[in-house]
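Inspection log for the structure reproduced underneath, given as structure tokens.
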Amino acid sequence: MSEDFDFDDSHSTDDPPKQRRRYFGLEQAVFILLVVLSLTGIAITEFNPHDGYGYWLFMVIVFGMLSIFVSWLQTRTNDNDFGDIVKAQGLHWLHTLVVVIAAALLNKSEQLSDRSASLVILLILALATLLDGIRIGWQYSLLGFFLATCALIVAYFENFMPISIGLGVLVIACTFLWEYWRSKYSTDDEI
């Protein structure tokens with residue numbers, strides 16, 4: 001999901017463009033999975049706010065693990081040390097989990113309703129994902145914007161699922177179009 005690919009043959013035994021496409025496919029699959037999991041969480045929150053709140057707690061761990069996986073893919077095409085990436089990613093997502101647990105404790109003390117806690121956790125997840133996009137790439141930042149926008153859609157629209165699904169489809173389509181445009185109009189030096 002990052003544009004920081006190094007296609008120097010000294011880092012890879014595969015043909016770099018083929019390797020780039022293969023990793024883009026895996027990264028895109030992770031991105032689509034995260035969008036689908038997010039939409040699932042929004043639907044769960046609508047039908048049962050208490051379960052939605054638990055779902056979003058669990059999603060922080062899932063997002064963190066998938067972020068580490070994508071970072072690992074990226075270390076295969078550049079000089080980054082995977083240990084350093086795991087440390088940075090682990091700390092990032094651990095700190096996110098601490099703040100999410102704080103939101104859960106606010107819910108437990110009845111300062112936040114289940115639905116409010118779900119939206120707060122969704123916003124925390126949106127921020128963490130958006131900031132992780134600085135390390136991983138623009139698709140994670142886009143995913144963070146998607147999550148934040150979905151939280152607002154849930155708050156302002158009574159029938160929010162069709163809007164959220166439409167936005168999810170649009171976001172996924174944009175990533176494919178951007179990659180197509182980038183691969184078609186960029187030179188090997190720019191990639």
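How things are named: the first chain in the structure tokens is A, the next is B, and so on; residues count from 1 in each chain; ligands count from 1 in the order shown.
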
- Task: Can you check which residues of segment 74-117 of chain A DSSP gives as alpha helix (DSSP H) on the backbone and send them as a PyMOL selection string?
- Result: chain A and resi 74-75+82-108+114-117

- Message: List the spatial neighbours of segment 23-38 of chain A as a VMD selection string - criterion: any atom at most 9 Å away, only C-alpha atoms, same-chain residues fewer than 3 positions off excluded.
- Response: chain A and resid 1 18 to 20 41 to 43 56 59 62 to 63 66 to 67 70 73 to 74 122 139 to 140 143 146 to 147 165 168 to 169 171 to 172 175 to 176 179

I need the residues from that last selection saved to file as a tab-separated table (two decimals), in the first residue's frame (with N, CA and C atoms), if you can.
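Output file selection30.tsv is given in full below:
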chain	number	residue	atom	x	y	z
A	1	MET	N	0.81	-1.18	0.00
A	1	MET	CA	0.00	0.00	0.00
A	1	MET	C	0.86	1.25	0.00
A	18	LYS	N	6.74	-7.73	-11.62
A	18	LYS	CA	5.87	-8.84	-11.25
A	18	LYS	C	5.73	-8.91	-9.73
A	19	GLN	N	6.85	-8.72	-9.02
A	19	GLN	CA	6.80	-8.76	-7.56
A	19	GLN	C	5.94	-7.61	-7.05
A	20	ARG	N	6.07	-6.44	-7.63
A	20	ARG	CA	5.26	-5.29	-7.24
A	20	ARG	C	3.78	-5.59	-7.42
A	41	GLY	N	-18.73	-4.26	10.90
A	41	GLY	CA	-18.82	-3.65	12.22
A	41	GLY	C	-19.88	-2.57	12.30
A	42	ILE	N	-20.03	-1.81	11.24
A	42	ILE	CA	-21.07	-0.77	11.21
A	42	ILE	C	-22.44	-1.42	11.25
A	43	ALA	N	-22.61	-2.51	10.49
A	43	ALA	CA	-23.90	-3.22	10.50
A	43	ALA	C	-24.18	-3.84	11.87
A	56	TRP	N	-15.63	-3.64	17.64
A	56	TRP	CA	-14.62	-2.62	17.36
A	56	TRP	C	-13.39	-2.79	18.25
A	59	MET	N	-11.44	-5.35	16.50
A	59	MET	CA	-10.91	-4.86	15.23
A	59	MET	C	-9.59	-4.11	15.40
A	62	VAL	N	-7.10	-6.76	15.05
A	62	VAL	CA	-7.06	-7.24	13.66
A	62	VAL	C	-6.36	-6.22	12.77
A	63	PHE	N	-6.72	-4.95	12.89
A	63	PHE	CA	-6.07	-3.91	12.09
A	63	PHE	C	-4.57	-3.88	12.36
A	66	LEU	N	-2.87	-6.96	10.73
A	66	LEU	CA	-2.82	-6.83	9.28
A	66	LEU	C	-1.86	-5.72	8.84
A	67	SER	N	-1.72	-4.69	9.65
A	67	SER	CA	-0.75	-3.63	9.37
A	67	SER	C	0.67	-4.18	9.42
A	70	VAL	N	1.24	-6.23	6.24
A	70	VAL	CA	1.50	-5.40	5.07
A	70	VAL	C	2.91	-4.80	5.16
A	73	LEU	N	5.32	-7.35	4.03
A	73	LEU	CA	5.36	-7.43	2.57
A	73	LEU	C	6.25	-6.33	1.99
A	74	GLN	N	6.13	-5.16	2.57
A	74	GLN	CA	6.90	-4.03	2.06
A	74	GLN	C	8.40	-4.18	2.34
A	122	LEU	N	-14.62	3.60	16.91
A	122	LEU	CA	-14.47	3.70	15.45
A	122	LEU	C	-13.63	4.92	15.08
A	139	GLN	N	-3.08	4.04	1.04
A	139	GLN	CA	-4.32	3.28	1.16
A	139	GLN	C	-4.78	3.21	2.62
A	140	TYR	N	-3.84	3.10	3.54
A	140	TYR	CA	-4.23	3.09	4.95
A	140	TYR	C	-4.76	4.46	5.37
A	143	LEU	N	-8.19	4.54	4.13
A	143	LEU	CA	-9.02	3.70	4.99
A	143	LEU	C	-9.40	4.44	6.27
A	146	PHE	N	-12.05	6.84	5.41
A	146	PHE	CA	-13.27	6.08	5.22
A	146	PHE	C	-13.94	5.78	6.56
A	147	LEU	N	-13.16	5.31	7.53
A	147	LEU	CA	-13.71	4.99	8.85
A	147	LEU	C	-14.29	6.23	9.53
A	165	ILE	N	-21.98	1.47	2.51
A	165	ILE	CA	-21.58	0.47	1.52
A	165	ILE	C	-21.18	1.14	0.22
A	168	GLY	N	-17.83	2.56	0.65
A	168	GLY	CA	-16.83	1.49	0.64
A	168	GLY	C	-16.49	1.03	-0.76
A	169	VAL	N	-17.52	0.85	-1.58
A	169	VAL	CA	-17.30	0.44	-2.97
A	169	VAL	C	-16.53	1.52	-3.72
A	171	VAL	N	-14.44	3.75	-2.47
A	171	VAL	CA	-13.06	3.79	-1.97
A	171	VAL	C	-12.24	2.66	-2.59
A	172	ILE	N	-12.81	1.47	-2.65
A	172	ILE	CA	-12.10	0.33	-3.25
A	172	ILE	C	-11.87	0.58	-4.74
A	175	THR	N	-8.99	2.94	-5.38
A	175	THR	CA	-7.63	2.39	-5.23
A	175	THR	C	-7.22	1.62	-6.48
A	176	PHE	N	-8.17	0.88	-7.08
A	176	PHE	CA	-7.85	0.17	-8.31
A	176	PHE	C	-7.57	1.16	-9.45
A	179	GLU	N	-4.14	2.83	-8.95
A	179	GLU	CA	-3.04	1.93	-9.29
A	179	GLU	C	-2.95	1.73	-10.80

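Distance-wise, atom CA of Arg135 of chain A and atom CA of Asn80 of chain A end up 11.2 Å apart.
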
Leu130 of chain A environment, 8 Å, only C-alpha atoms, sequence neighbours closer than 2 positions dropped, as a PDB file with C-alpha atoms, in the first residue's frame:
ATOM      1  CA  ALA A 126      -9.902   5.790  12.116  1.00  0.00           C
ATOM      2  CA  LEU A 127      -7.210   8.040  13.587  1.00  0.00           C
ATOM      3  CA  ALA A 128      -4.824   5.152  14.244  1.00  0.00           C
ATOM      4  CA  ASP A 132      -0.442   4.370  10.184  1.00  0.00           C
ATOM      5  CA  GLY A 133      -0.833   5.419   6.574  1.00  0.00           C
ATOM      6  CA  ILE A 134       2.232   7.609   7.057  1.00  0.00           C
ATOM      7  CA  TYR A 140      -4.228   3.091   4.950  1.00  0.00           C
ATOM      8  CA  SER A 141      -4.714   6.837   5.167  1.00  0.00           C
ATOM      9  CA  LEU A 142      -7.661   6.496   2.800  1.00  0.00           C
ATOM     10  CA  LEU A 143      -9.023   3.701   4.993  1.00  0.00           C
ATOM     11  CA  GLY A 144      -8.750   6.004   8.019  1.00  0.00           C
ATOM     12  CA  PHE A 145     -10.711   8.714   6.204  1.00  0.00           C
TER      13      PHE A 145
END

- Task: Grab the atom CA of His50 of chain A to atom CA of Leu125 of chain A distance for me, in Å with one decimal place.
- Result: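 Separation of atom CA of His50 of chain A and atom CA of Leu125 of chain A: 17.3 Å.
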